[in-house]
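Shown next: final-v9.tsv, containing TSV, C-alpha atoms.
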chain	number	residue	atom	x	y	z
W	1	MET	CA	0.00	0.00	0.00
W	2	SER	CA	2.83	2.33	0.86
W	3	ASN	CA	4.48	1.61	-2.49
W	4	PHE	CA	1.24	2.44	-4.28
W	5	ALA	CA	0.89	5.71	-2.36
W	6	GLU	CA	4.47	6.60	-3.16
W	7	ARG	CA	3.93	5.92	-6.87
W	8	LEU	CA	0.68	7.91	-6.84
W	9	GLY	CA	2.46	10.86	-5.24
W	10	LYS	CA	5.19	10.79	-7.86
W	11	LEU	CA	2.58	10.64	-10.61
W	12	LYS	CA	0.79	13.73	-9.23
W	13	ASP	CA	4.09	15.61	-8.96
W	14	ALA	CA	4.92	14.75	-12.57
W	15	MET	CA	1.53	15.95	-13.73
W	16	ASN	CA	1.95	19.21	-11.82
W	17	ASP	CA	5.38	19.74	-13.33
W	18	LYS	CA	3.91	19.15	-16.81
W	19	THR	CA	1.13	21.64	-16.15
W	20	ASP	CA	3.52	24.28	-14.82
W	21	SER	CA	5.88	23.90	-17.78
W	22	GLY	CA	3.36	25.49	-20.17
W	23	PRO	CA	1.00	24.33	-22.90
W	24	THR	CA	1.30	20.87	-24.36
W	25	ALA	CA	2.34	20.24	-27.94
W	26	ASN	CA	-1.28	19.76	-28.92
W	27	GLN	CA	-2.22	23.02	-27.21
W	28	LYS	CA	0.53	24.84	-29.05
W	29	LYS	CA	-0.70	23.49	-32.35
W	30	ARG	CA	-4.21	24.69	-31.61
W	31	ARG	CA	-2.93	28.18	-30.79
W	32	LYS	CA	-0.97	28.37	-34.05
W	33	ARG	CA	-4.04	27.78	-36.14
W	34	PRO	CA	-4.27	30.53	-38.84
W	35	GLN	CA	-6.64	33.33	-37.95
W	36	THR	CA	-9.21	34.60	-40.41
W	37	GLU	CA	-10.08	37.64	-38.33
W	38	THR	CA	-8.08	40.35	-36.62
W	39	THR	CA	-8.73	43.68	-34.97
W	40	LEU	CA	-7.04	47.01	-35.35
W	41	ASP	CA	-4.55	48.24	-32.80
W	42	ALA	CA	-5.33	50.59	-29.95
W	43	GLU	CA	-4.54	53.81	-31.84
W	44	PHE	CA	-7.79	53.65	-33.79
W	45	PRO	CA	-10.85	55.43	-32.40
W	46	LYS	CA	-13.03	52.35	-32.93
W	47	LYS	CA	-12.29	48.65	-32.90
W	48	ARG	CA	-13.14	47.17	-36.27
W	49	LEU	CA	-13.35	43.45	-36.99
W	50	LEU	CA	-11.60	42.52	-40.22
W	51	SER	CA	-12.55	39.37	-42.11
W	52	ARG	CA	-10.45	37.63	-44.70
W	53	PRO	CA	-12.09	37.76	-48.18
W	54	HIS	CA	-13.22	34.42	-49.57
W	55	ASP	CA	-10.97	34.85	-52.63
W	56	PHE	CA	-7.97	36.03	-50.63
W	57	LEU	CA	-5.60	33.52	-52.26
W	58	ASP	CA	-6.38	34.91	-55.74
W	59	LEU	CA	-4.67	38.21	-54.95
W	60	ASN	CA	-1.17	38.55	-56.46
W	61	VAL	CA	-0.57	42.29	-56.33
W	62	LYS	CA	0.45	44.51	-53.44
W	63	VAL	CA	-1.26	47.88	-53.66
W	64	SER	CA	0.87	50.59	-52.07
W	65	PHE	CA	-1.36	53.62	-52.67
W	66	LEU	CA	-4.96	54.50	-53.47
W	67	CYS	CA	-6.33	57.88	-54.48
W	68	ILE	CA	-9.93	57.78	-53.27
W	69	GLY	CA	-11.17	61.22	-54.36
W	70	ALA	CA	-12.54	63.65	-54.62
W	71	GLN	CA	-14.44	63.31	-57.86
W	72	LYS	CA	-13.78	66.20	-60.31
W	73	SER	CA	-10.78	67.29	-58.25
W	74	GLY	CA	-7.69	66.72	-60.38
W	75	THR	CA	-7.48	62.96	-60.02
W	76	THR	CA	-7.13	62.45	-63.79
W	77	TRP	CA	-4.15	64.82	-63.77
W	78	LEU	CA	-2.58	62.82	-60.95
W	79	HIS	CA	-3.17	59.52	-62.76
W	80	VAL	CA	-1.55	60.77	-65.96
W	81	MET	CA	1.47	62.20	-64.12
W	82	LEU	CA	2.07	59.07	-62.04
W	83	LYS	CA	1.77	56.85	-65.13
W	84	LYS	CA	4.80	58.63	-66.60
W	85	LEU	CA	7.06	57.41	-63.81
W	86	PRO	CA	8.66	53.98	-64.45
W	87	MET	CA	9.02	53.15	-60.75
W	88	LEU	CA	5.23	53.19	-60.35
W	89	CYS	CA	2.64	50.76	-61.67
W	90	LEU	CA	-0.93	51.93	-62.30
W	91	PRO	CA	-3.72	50.34	-64.37
W	92	ASP	CA	-3.93	51.65	-67.91
W	93	GLN	CA	-7.43	52.87	-67.23
W	94	LYS	CA	-8.12	55.36	-64.50
W	95	GLU	CA	-10.93	54.34	-62.17
W	96	VAL	CA	-10.90	50.56	-61.95
W	97	HIS	CA	-13.95	50.78	-59.65
W	98	PHE	CA	-13.13	47.40	-58.15
W	99	TRP	CA	-14.28	47.98	-54.59
W	100	ASP	CA	-17.59	49.60	-55.58
W	101	TRP	CA	-18.67	48.27	-59.00
W	102	ASN	CA	-16.49	45.28	-59.90
W	103	ARG	CA	-15.92	43.38	-56.66
W	104	ARG	CA	-17.88	40.42	-58.01
W	105	LYS	CA	-15.16	39.90	-60.64
W	106	GLY	CA	-12.80	38.81	-57.91
W	107	LEU	CA	-9.32	39.57	-56.67
W	108	LYS	CA	-7.74	37.67	-59.55
W	109	TRP	CA	-9.35	40.08	-62.01
W	110	TYR	CA	-8.26	43.01	-59.86
W	111	SER	CA	-4.67	41.80	-59.85
W	112	GLN	CA	-4.74	41.53	-63.63
W	113	GLN	CA	-5.55	45.24	-63.99
W	114	PHE	CA	-1.98	46.12	-63.03
W	115	PRO	CA	0.65	45.72	-65.77
W	116	LYS	CA	3.32	43.18	-64.91
W	117	ARG	CA	6.37	44.97	-63.57
W	118	SER	CA	9.31	44.05	-61.37
W	119	ASN	CA	8.72	43.67	-57.65
W	120	SER	CA	10.62	46.90	-57.03
W	121	VAL	CA	7.84	49.14	-58.36
W	122	LEU	CA	5.01	50.56	-56.28
W	123	CYS	CA	1.50	49.68	-57.44
W	124	GLY	CA	-1.55	51.85	-56.92
W	125	GLU	CA	-4.75	53.07	-58.50
W	126	ILE	CA	-7.04	56.08	-58.60
W	127	THR	CA	-10.82	55.74	-58.29
W	128	PRO	CA	-12.48	58.85	-56.81
W	129	CYS	CA	-15.65	56.99	-55.83
W	130	TYR	CA	-13.69	55.02	-53.22
W	131	ALA	CA	-14.09	57.99	-50.88
W	132	ILE	CA	-17.67	56.93	-50.16
W	133	LEU	CA	-17.13	53.19	-49.78
W	134	ASP	CA	-19.00	51.57	-46.92
W	135	ASP	CA	-17.51	49.88	-43.86
W	136	ALA	CA	-17.38	46.38	-45.34
W	137	GLN	CA	-15.42	47.55	-48.38
W	138	ILE	CA	-12.96	49.72	-46.46
W	139	SER	CA	-12.48	46.88	-43.99
W	140	GLU	CA	-11.50	44.59	-46.85
W	141	VAL	CA	-9.01	47.13	-48.19
W	142	ARG	CA	-7.50	47.35	-44.72
W	143	TYR	CA	-7.25	43.56	-44.38
W	144	LEU	CA	-5.60	43.09	-47.78
W	145	PHE	CA	-3.35	46.17	-47.73
W	146	PRO	CA	-2.77	47.29	-44.13
W	147	ASP	CA	0.10	49.60	-45.13
W	148	VAL	CA	-1.56	51.22	-48.16
W	149	LYS	CA	-1.27	55.02	-48.43
W	150	ILE	CA	-4.56	56.88	-48.97
W	151	ILE	CA	-4.66	60.11	-51.01
W	152	PHE	CA	-7.58	62.56	-51.15
W	153	MET	CA	-7.60	65.72	-53.29
W	154	ALA	CA	-10.08	68.34	-52.09
W	155	ARG	CA	-11.51	70.99	-54.41
W	156	ASP	CA	-13.65	74.04	-53.61
W	157	ILE	CA	-16.84	72.37	-52.51
W	158	VAL	CA	-19.20	74.40	-54.72
W	159	SER	CA	-17.08	74.23	-57.86
W	160	ARG	CA	-16.66	70.49	-57.49
W	161	ALA	CA	-20.37	69.86	-57.00
W	162	TRP	CA	-21.31	72.04	-59.97
W	163	SER	CA	-18.79	70.29	-62.20
W	164	ALA	CA	-20.12	66.88	-61.15
W	165	ILE	CA	-23.76	67.85	-61.72
W	166	ILE	CA	-22.95	69.25	-65.17
W	167	MET	CA	-21.15	66.01	-66.05
W	168	GLU	CA	-24.16	64.04	-64.85
W	169	LEU	CA	-26.49	66.24	-66.92
W	170	ARG	CA	-24.45	65.65	-70.05
W	171	ASN	CA	-24.41	61.92	-69.45
W	172	SER	CA	-28.18	61.89	-69.01
W	173	VAL	CA	-28.47	63.42	-72.48
W	174	ARG	CA	-26.47	60.43	-73.69
W	175	GLY	CA	-29.02	58.06	-72.16
W	176	MET	CA	-27.39	57.32	-68.81
W	177	GLN	CA	-29.42	57.24	-65.62
W	178	ALA	CA	-29.21	60.06	-63.06
W	179	GLY	CA	-26.43	59.30	-60.63
W	180	GLU	CA	-24.30	57.48	-63.20
W	181	PHE	CA	-21.06	58.94	-64.48
W	182	GLY	CA	-19.36	58.33	-67.78
W	183	SER	CA	-16.92	59.95	-70.16
W	184	THR	CA	-16.71	63.64	-70.98
W	185	GLY	CA	-17.65	63.08	-74.60
W	186	ASP	CA	-14.10	63.14	-75.95
W	187	ASP	CA	-14.88	59.99	-77.92
W	188	MET	CA	-17.51	61.79	-80.05
W	189	ASP	CA	-17.07	63.42	-83.40
W	190	LYS	CA	-17.34	67.22	-83.44
W	191	ARG	CA	-20.92	67.47	-84.70
W	192	THR	CA	-22.29	64.91	-82.25
W	193	LYS	CA	-20.45	66.56	-79.40
W	194	GLU	CA	-21.82	69.99	-80.25
W	195	ARG	CA	-25.36	68.59	-80.37
W	196	TYR	CA	-25.18	66.90	-77.02
W	197	LEU	CA	-23.56	69.96	-75.39
W	198	HIS	CA	-26.43	72.07	-76.70
W	199	GLU	CA	-29.03	69.66	-75.33
W	200	ALA	CA	-27.27	69.66	-71.97
W	201	ASP	CA	-27.20	73.46	-71.73
W	202	PRO	CA	-27.77	74.33	-68.02
W	203	SER	CA	-29.83	77.40	-68.97
W	204	GLN	CA	-32.67	75.06	-69.92
W	205	TYR	CA	-33.08	73.96	-66.30
W	206	ASP	CA	-34.30	75.99	-63.34
W	207	ASP	CA	-32.59	76.31	-59.96
W	208	GLY	CA	-34.90	73.70	-58.46
W	209	TYR	CA	-33.53	71.00	-60.73
W	210	PHE	CA	-29.93	71.67	-59.73
W	211	MET	CA	-30.69	71.94	-56.00
W	212	GLU	CA	-32.63	68.68	-56.12
W	213	ARG	CA	-29.66	66.95	-57.75
W	214	LEU	CA	-27.26	68.57	-55.27
W	215	MET	CA	-29.26	67.20	-52.32
W	216	HIS	CA	-29.45	63.73	-53.83
W	217	ALA	CA	-27.23	61.16	-52.09
W	218	THR	CA	-25.11	60.87	-55.25
W	219	HIS	CA	-23.81	64.42	-54.82
W	220	ARG	CA	-24.43	64.98	-51.13
W	221	LYS	CA	-22.12	62.14	-50.08
W	222	ARG	CA	-19.40	63.26	-52.46
W	223	SER	CA	-19.62	66.78	-51.04
W	224	ASP	CA	-19.26	65.61	-47.45
W	225	TYR	CA	-15.47	65.28	-47.49
W	226	ALA	CA	-15.12	65.17	-43.72
W	227	SER	CA	-17.50	62.25	-43.16
W	228	ALA	CA	-15.80	60.28	-45.91
W	229	ILE	CA	-12.31	60.82	-44.51
W	230	ARG	CA	-13.39	60.17	-40.94
W	231	LYS	CA	-14.74	56.78	-41.99
W	232	TRP	CA	-11.38	55.87	-43.57
W	233	LEU	CA	-9.69	57.08	-40.37
W	234	GLU	CA	-11.58	54.39	-38.50
W	235	TYR	CA	-9.50	51.83	-40.37
W	236	PHE	CA	-6.23	53.60	-41.15
W	237	PRO	CA	-3.98	55.78	-38.98
W	238	ARG	CA	-3.72	59.43	-39.97
W	239	LYS	CA	-0.08	58.95	-41.03
W	240	GLN	CA	-1.37	56.80	-43.92
W	241	ILE	CA	-3.81	59.42	-45.22
W	242	LEU	CA	-2.75	62.50	-47.19
W	243	LEU	CA	-5.15	65.38	-47.91
W	244	LEU	CA	-4.20	67.62	-50.83
W	245	ASN	CA	-5.42	71.00	-52.03
W	246	TYR	CA	-6.75	70.84	-55.60
W	247	ASP	CA	-5.66	74.45	-56.19
W	248	ASP	CA	-2.03	73.31	-56.02
W	249	VAL	CA	-2.49	71.45	-59.32
W	250	SER	CA	-2.43	74.89	-60.94
W	251	ARG	CA	-0.32	76.83	-58.45
W	252	ARG	CA	2.55	74.42	-57.82
W	253	PRO	CA	2.05	71.17	-59.73
W	254	ARG	CA	5.60	69.84	-59.40
W	255	LYS	CA	5.70	70.41	-55.66
W	256	LEU	CA	2.34	68.70	-55.35
W	257	LEU	CA	3.52	65.71	-57.36
W	258	GLU	CA	6.70	65.46	-55.28
W	259	GLU	CA	4.62	65.59	-52.11
W	260	VAL	CA	2.62	62.62	-53.35
W	261	LEU	CA	5.79	60.68	-54.25
W	262	THR	CA	7.33	61.31	-50.85
W	263	PHE	CA	4.15	60.17	-49.16
W	264	ILE	CA	3.94	56.87	-51.06
W	265	GLY	CA	7.62	56.11	-50.62
W	266	ALA	CA	9.05	57.11	-54.00
W	267	ASP	CA	10.84	60.25	-52.84
W	268	ASN	CA	14.12	59.39	-54.56
W	269	VAL	CA	12.63	60.30	-57.95
W	270	ASP	CA	13.60	63.42	-59.89
W	271	THR	CA	10.35	64.22	-61.65
W	272	GLN	CA	12.11	66.53	-64.13
W	273	ASP	CA	13.71	63.47	-65.70
W	274	PHE	CA	10.30	62.18	-66.77
W	275	ILE	CA	7.83	65.10	-66.82
W	276	ASN	CA	8.46	68.58	-68.24
W	277	ASP	CA	6.73	71.76	-67.12
W	278	GLU	CA	4.38	71.82	-70.09
W	279	GLU	CA	3.09	68.34	-69.29
W	280	LEU	CA	2.62	69.29	-65.66
W	281	SER	CA	0.41	72.23	-66.59
W	282	THR	CA	-1.92	70.14	-68.78
W	283	HIS	CA	-5.59	70.31	-67.86
W	284	PHE	CA	-7.72	67.19	-68.21
W	285	ASN	CA	-11.49	66.77	-68.56
W	286	ALA	CA	-11.83	70.53	-69.01
W	287	ALA	CA	-15.01	71.87	-70.57
W	288	PRO	CA	-14.87	72.71	-74.28
W	289	THR	CA	-14.03	76.37	-74.80
W	290	GLU	CA	-17.22	77.07	-76.73
W	291	SER	CA	-19.39	75.90	-73.82
W	292	LYS	CA	-17.71	77.60	-70.87
W	293	MET	CA	-20.18	80.50	-70.75
W	294	LYS	CA	-23.06	78.04	-70.64
W	295	GLN	CA	-21.48	76.23	-67.72
W	296	SER	CA	-21.11	79.17	-65.34
W	297	ILE	CA	-23.39	79.06	-62.31
W	298	ARG	CA	-26.16	81.64	-62.25
W	299	PRO	CA	-25.59	84.10	-59.38
W	300	ASN	CA	-28.78	83.19	-57.54
W	301	LEU	CA	-28.11	79.47	-57.89
W	302	GLN	CA	-24.53	80.03	-56.78
W	303	LYS	CA	-25.75	81.54	-53.50
W	304	LYS	CA	-28.16	78.66	-52.92
W	305	MET	CA	-25.43	76.10	-53.49
W	306	GLU	CA	-23.01	77.98	-51.25
W	307	CYS	CA	-25.58	78.13	-48.47
W	308	TYR	CA	-26.35	74.41	-48.69
W	309	LEU	CA	-22.73	73.25	-48.99
W	310	SER	CA	-21.16	75.60	-46.45
W	311	LYS	CA	-21.71	73.14	-43.59
W	312	TYR	CA	-19.70	70.48	-45.44
W	313	ALA	CA	-16.87	72.91	-46.15
W	314	LYS	CA	-16.79	73.96	-42.50
W	315	ASP	CA	-16.73	70.34	-41.31
W	316	PHE	CA	-13.83	69.59	-43.63
W	317	ASN	CA	-11.93	72.67	-42.47
W	318	ASP	CA	-12.40	71.50	-38.88
W	319	LEU	CA	-10.93	68.16	-39.87
W	320	LEU	CA	-7.98	69.84	-41.59
W	321	GLU	CA	-7.26	71.75	-38.39
W	322	GLU	CA	-7.61	68.61	-36.31
W	323	LEU	CA	-5.10	66.79	-38.52
W	324	GLY	CA	-2.63	69.68	-38.51
W	325	TYR	CA	-3.00	71.03	-42.06
W	326	SER	CA	-2.44	74.74	-42.67
W	327	TRP	CA	-4.63	75.19	-45.75
W	328	ARG	CA	-8.41	75.58	-45.80
W	329	LEU	CA	-11.31	75.54	-48.25
W	330	ASN	CA	-13.70	78.45	-48.64
W	331	ASP	CA	-16.51	77.65	-46.21
W	332	TYR	CA	-18.82	80.44	-47.50
W	333	ASN	CA	-19.61	81.37	-43.93
W	334	LYS	CA	-20.31	85.03	-44.79
W	335	VAL	CA	-22.75	84.02	-47.52
W	336	THR	CA	-24.68	81.81	-45.12
W	337	LYS	CA	-24.88	84.52	-42.47
W	338	THR	CA	-26.07	87.09	-45.02
W	339	ILE	CA	-28.86	84.84	-46.28
W	340	PHE	CA	-30.10	84.08	-42.76
W	341	GLN	CA	-30.00	87.78	-41.85
W	342	GLN	CA	-32.10	88.60	-44.93
W	343	ASP	CA	-34.64	85.95	-44.01
Would you mind writing the structure in this file as structure tokens?
Amino acid sequence: MSNFAERLGKLKDAMNDKTDSGPTANQKKRRKRPQTETTLDAEFPKKRLLSRPHDFLDLNVKVSFLCIGAQKSGTTWLHVMLKKLPMLCLPDQKEVHFWDWNRRKGLKWYSQQFPKRSNSVLCGEITPCYAILDDAQISEVRYLFPDVKIIFMARDIVSRAWSAIIMELRNSVRGMQAGEFGSTGDDMDKRTKERYLHEADPSQYDDGYFMERLMHATHRKRSDYASAIRKWLEYFPRKQILLLNYDDVSRRPRKLLEEVLTFIGADNVDTQDFINDEELSTHFNAAPTESKMKQSIRPNLQKKMECYLSKYAKDFNDLLEELGYSWRLNDYNKVTKTIFQQD
């Protein structure tokens, strides 16, 4: 009996030693199981659960930068300039629209949109509609490309909205539904283009039409820069998001381009070796000269648009201050006060 008790005591001691020594081999294997979900680190204002996409293994491109907006804010200029640099890889077409329109085509299709280059180049794309992606889509971007740099170009909030509505109006003349966006008509012959510009003359529409379109979600969301950026900030740290002033495309284009290159990690590039000053000053998607007078906003409509959009400009300016930027957009605060005083 004493021998049995002695053996039993030794067995208990051995089991205690095994328990104290840490997890068993089987336990270690279970802990090493690959995770399909992860959460963001503590620096983010909200904890977001990230899920691995079902077609995760089909991805064979690393996206280093995304320009997510704003629409009608110089993004075509940026795409053309970046395409000229051999150390960068962008799709041939601007606006792949993968995360909003083409997600069903899969990550393999997305990977194929980028020309095959050496692994030393930085890949990225420009789709202005990405600014208003929803949580699920931004979460997927974060999961797939946690280190991606996000670029947003902000234009005067009234000028941008007017330009977008005019583009939409022209496209509706071409048979597209309201809220859809297409080309500027550069693919038309001269006579056809003149006809459709005439039919899309803004003077044929009253102020009510334009204000109704402005308040529609299509344009309202794209005008709310601050809400869009704040949503992206829920998934990416501020150091990975760069806000740019659209006016600098005209005022200091080379400095602006160099700022972008530094931000995405291509700061050892001398842009003068690839892009001359004339190319830098090129304007894209500009209105035809013969239609510019027809495109100007009527004074009364201008005031209405300024009054409606001023809150979005102010919110964005508050965000710029919060993030430490020195530049601001016109928030039309005086216009708003004047209108309320008159009422």
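Across the structure, atom CA of W:Pro299 and atom CA of W:Ala154 are spaced 23.3 Å apart.
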Among the residues W:Val173, W:Asp206, W:Leu214, W:Gly265, the one that comes closest to W:Leu122 [using all atoms listed in the file]: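 Of the candidates, the smallest distance to W:Leu122 is held by W:Gly265.
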Pairwise distance for atom CA of W:Leu85 and atom CA of W:Arg238, rounded to one decimal in Å: 26.2 Å
Top pick for closest residue to W:Leu78, considering W:Tyr308, W:Tyr325, W:Phe284, W:Tyr235 and counting all atoms listed in the file: W:Phe284
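Counting from atom CA of W:Ile165, the distance to atom CA of W:Arg213 is 7.2 Å.
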Point (-13.2, 51.2, -53.3) neighbourhood (6 Å, all atoms listed in the file) written as a PyMOL selection string: chain W and resi 99-100+130+133
Distance criterion (only C-alpha atoms): nearest to W:Asp156 out of W:Leu329, W:Ile297, W:Met215, W:Ala226: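 With only C-alpha atoms as the atom set, the closest residue is W:Leu329.
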Cut-off 6 Å around (-2.0, 49.6, -51.3) with all atoms listed in the file: residues as a ChimeraX atom specification: /W:63-65,145,148
Nearby residues (only C-alpha atoms) at most 12 Å from W:Ile138, same-chain spacing under 3 positions excluded, as a PyMOL selection string: chain W and resi 48-51+66+68+98-100+130-135+141-146+148+150+228-236
Distance criterion (all atoms listed in the file): nearest to W:Asp201 out of W:Ser223, W:Asp92, W:Ile166, W:Met176: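 Checking each of W:Ser223, W:Asp92, W:Ile166, W:Met176 against W:Asp201, counting all atoms listed in the file, the winner is W:Ile166.
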Nearby residues (all atoms listed in the file) at most 12 Å from W:Glu199, same-chain spacing under 2 positions excluded, as a ChimeraX atom specification: /W:166,169-174,192-197,201-205,291,294
Contacts of W:Gly124 within 12 Å, all atoms listed in the file, excl. fewer than 3 positions in-chain, as a PyMOL selection string: chain W and resi 61-68+78-79+82-83+87-96+110-111+113-115+121+127+145+148-151+261+264-265
